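Structure record follows, encoded as structure tokens.
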Amino acid sequence: MDKRQAIGSWLSGPREAAEEMGADFGYPGKQLGLPQQGPGSVARFGRRLGAVAIDWLGCQLIAYGLITGRDWNGSGNWTLAVFVALVILTVGTVGFTPGKRILGLRVVSQDGGPLGFGRVVVRTALLALLIPALVWDRDGRGLHDRLSRAVQVRI
């Protein structure tokens, strides 16, 4: 191998180097048996982030207006508590939060069925820690989804 090729593969990253050597990573969700596009495909990061932002804003308004008596300084922890309760109740029953529903997303088990209450609690606890949600696999799933064997799909 030419030194320039070795440096080029190092600069371009391990994925591109592996693809040049013949590895096929496919599209997000291929390993899970999901379609590439349309309903049932893996939800993209932008939509997932937008759904969390909508849910967080709603929870912050509830904490600010109903719980803390319009005290912004005291609403931070209450916002997180309302968010955790919202996610457990809504994802555990209907499979989506209000933000996910608005943006056309649903949380399902890897096999396509409902997630189940225990796995929803684990997923939500990890989501509340934030760091697991920022670590992704090649299917675009956060660590909280991987550990709870869940996937967010488009409706």
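To be explicit about the labels: the chains of the structure tokens are called A, B, and onward in the order shown, and within each one the residues are counted from 1, while ligands get numbers from 1 in the order they are shown.
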
Shell of 12 Å around Leu66 in chain A, only C-alpha atoms, local chain residues under 6 positions omitted, as a list of chain:residue names:
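After dropping sequence-adjacent residues, the list is A:Gly58, A:Cys59, A:Gln60, A:Trp72, A:Gly74, A:Ser75, A:Trp78, A:Thr79, A:Val82.
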
Residues of chain A in helix (DSSP H, G or I) according to DSSP, as an NGL selection string?
:A and (3-12 or 14-20 or 30-32 or 45-67 or 75-93 or 98-102 or 117-128 or 131-134 or 143-147)

Export, as a tab-separated table (two decimals), in the first residue's frame, the selected residues with C-alpha atoms.
chain	number	residue	atom	x	y	z
A	3	LYS	CA	1.91	5.75	2.12
A	4	ARG	CA	-0.46	8.33	0.67
A	5	GLN	CA	-3.29	5.78	0.71
A	6	ALA	CA	-2.56	4.90	4.34
A	7	ILE	CA	-2.58	8.57	5.34
A	8	GLY	CA	-5.74	9.18	3.32
A	9	SER	CA	-7.57	6.31	5.01
A	10	TRP	CA	-6.42	7.53	8.40
A	11	LEU	CA	-7.66	11.06	7.71
A	12	SER	CA	-10.99	9.95	6.29
A	14	PRO	CA	-12.33	4.09	9.98
A	15	ARG	CA	-15.74	3.80	8.32
A	16	GLU	CA	-14.57	5.09	4.96
A	17	ALA	CA	-11.43	2.96	5.14
A	18	ALA	CA	-13.57	-0.12	5.89
A	19	GLU	CA	-15.93	0.71	3.01
A	20	GLU	CA	-12.96	1.03	0.66
A	30	LYS	CA	-30.90	-2.48	7.74
A	31	GLN	CA	-29.51	-4.76	10.47
A	32	LEU	CA	-32.86	-4.51	12.27
A	45	PHE	CA	-31.60	12.52	14.52
A	46	GLY	CA	-33.20	15.86	13.61
A	47	ARG	CA	-36.73	14.61	14.13
A	48	ARG	CA	-35.83	12.87	17.38
A	49	LEU	CA	-34.16	16.02	18.69
A	50	GLY	CA	-37.14	18.13	17.64
A	51	ALA	CA	-39.53	15.78	19.44
A	52	VAL	CA	-37.49	15.96	22.65
A	53	ALA	CA	-37.38	19.77	22.37
A	54	ILE	CA	-41.17	19.95	22.01
A	55	ASP	CA	-41.67	17.63	24.98
A	56	TRP	CA	-39.10	19.48	27.11
A	57	LEU	CA	-40.68	22.86	26.36
A	58	GLY	CA	-44.12	21.55	27.31
A	59	CYS	CA	-42.78	20.06	30.53
A	60	GLN	CA	-40.99	23.30	31.34
A	61	LEU	CA	-44.20	25.28	30.87
A	62	ILE	CA	-46.07	22.85	33.16
A	63	ALA	CA	-43.35	23.06	35.82
A	64	TYR	CA	-43.15	26.85	35.56
A	65	GLY	CA	-46.87	27.59	35.48
A	66	LEU	CA	-48.41	24.85	37.60
A	67	ILE	CA	-45.80	23.55	40.03
A	75	SER	CA	-38.51	24.90	37.65
A	76	GLY	CA	-35.37	23.06	36.45
A	77	ASN	CA	-35.63	19.90	38.54
A	78	TRP	CA	-39.40	19.91	38.29
A	79	THR	CA	-39.12	20.07	34.50
A	80	LEU	CA	-37.00	16.91	34.53
A	81	ALA	CA	-39.46	15.17	36.87
A	82	VAL	CA	-42.44	16.09	34.67
A	83	PHE	CA	-40.48	15.00	31.56
A	84	VAL	CA	-39.65	11.59	33.08
A	85	ALA	CA	-43.29	11.08	34.12
A	86	LEU	CA	-44.53	12.15	30.67
A	87	VAL	CA	-42.20	9.81	28.81
A	88	ILE	CA	-42.92	6.81	31.05
A	89	LEU	CA	-46.69	7.29	30.87
A	90	THR	CA	-47.01	8.08	27.18
A	91	VAL	CA	-44.37	5.80	25.66
A	92	GLY	CA	-45.44	3.04	28.06
A	93	THR	CA	-49.06	3.25	26.93
A	98	PRO	CA	-46.71	14.42	22.29
A	99	GLY	CA	-43.55	15.70	20.57
A	100	LYS	CA	-42.94	12.35	18.87
A	101	ARG	CA	-46.56	12.24	17.70
A	102	ILE	CA	-46.39	15.77	16.29
A	117	PHE	CA	-43.44	-0.96	30.77
A	118	GLY	CA	-40.19	-2.25	32.33
A	119	ARG	CA	-38.12	-1.43	29.26
A	120	VAL	CA	-39.79	1.99	29.02
A	121	VAL	CA	-38.69	2.75	32.60
A	122	VAL	CA	-35.09	1.67	31.85
A	123	ARG	CA	-35.05	3.67	28.61
A	124	THR	CA	-36.44	6.79	30.30
A	125	ALA	CA	-34.01	6.59	33.22
A	126	LEU	CA	-31.11	6.40	30.77
A	127	LEU	CA	-32.57	9.22	28.68
A	128	ALA	CA	-32.78	11.41	31.79
A	131	ILE	CA	-25.16	10.89	28.04
A	132	PRO	CA	-26.57	7.55	26.80
A	133	ALA	CA	-28.76	9.48	24.36
A	134	LEU	CA	-25.66	11.10	22.85
A	143	LEU	CA	-27.44	3.88	23.99
A	144	HIS	CA	-30.72	4.25	25.90
A	145	ASP	CA	-32.56	2.64	22.95
A	146	ARG	CA	-29.96	-0.11	22.50
A	147	LEU	CA	-29.98	-1.12	26.17

Identify, with DSSP run on backbone atoms, the residues in range 6-143 of chain A assigned to strand (DSSP E or B), and express the list as a list of chain:residue names.
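Here is the list: A:Val42, A:Leu105, A:Arg106, A:Val107, A:Val108, A:Ser109, A:Trp136, A:Gly142.
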
Length of the CA of Phe25 in chain A to CA of Arg138 in chain A vector [Å]:
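Calculated distance between CA of Phe25 in chain A and CA of Arg138 in chain A is 8.0 Å.
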
For CA of Val108 in chain A and CA of Ala150 in chain A, determine how far apart the two atoms are, in Å to one decimal place.
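According to the coordinates, CA of Val108 in chain A and CA of Ala150 in chain A are separated by 5.6 Å.
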
For Pro39 in chain A, please output as an MDAnalysis selection string all residues within 12 Å (counting only C-alpha atoms; exclusion window: fewer than 6 positions along the same chain).
chainID A and resid 104:106 152:155

So how far away is CA of Gly33 in chain A from CA of Leu115 in chain A, in Å?
17.0 Å
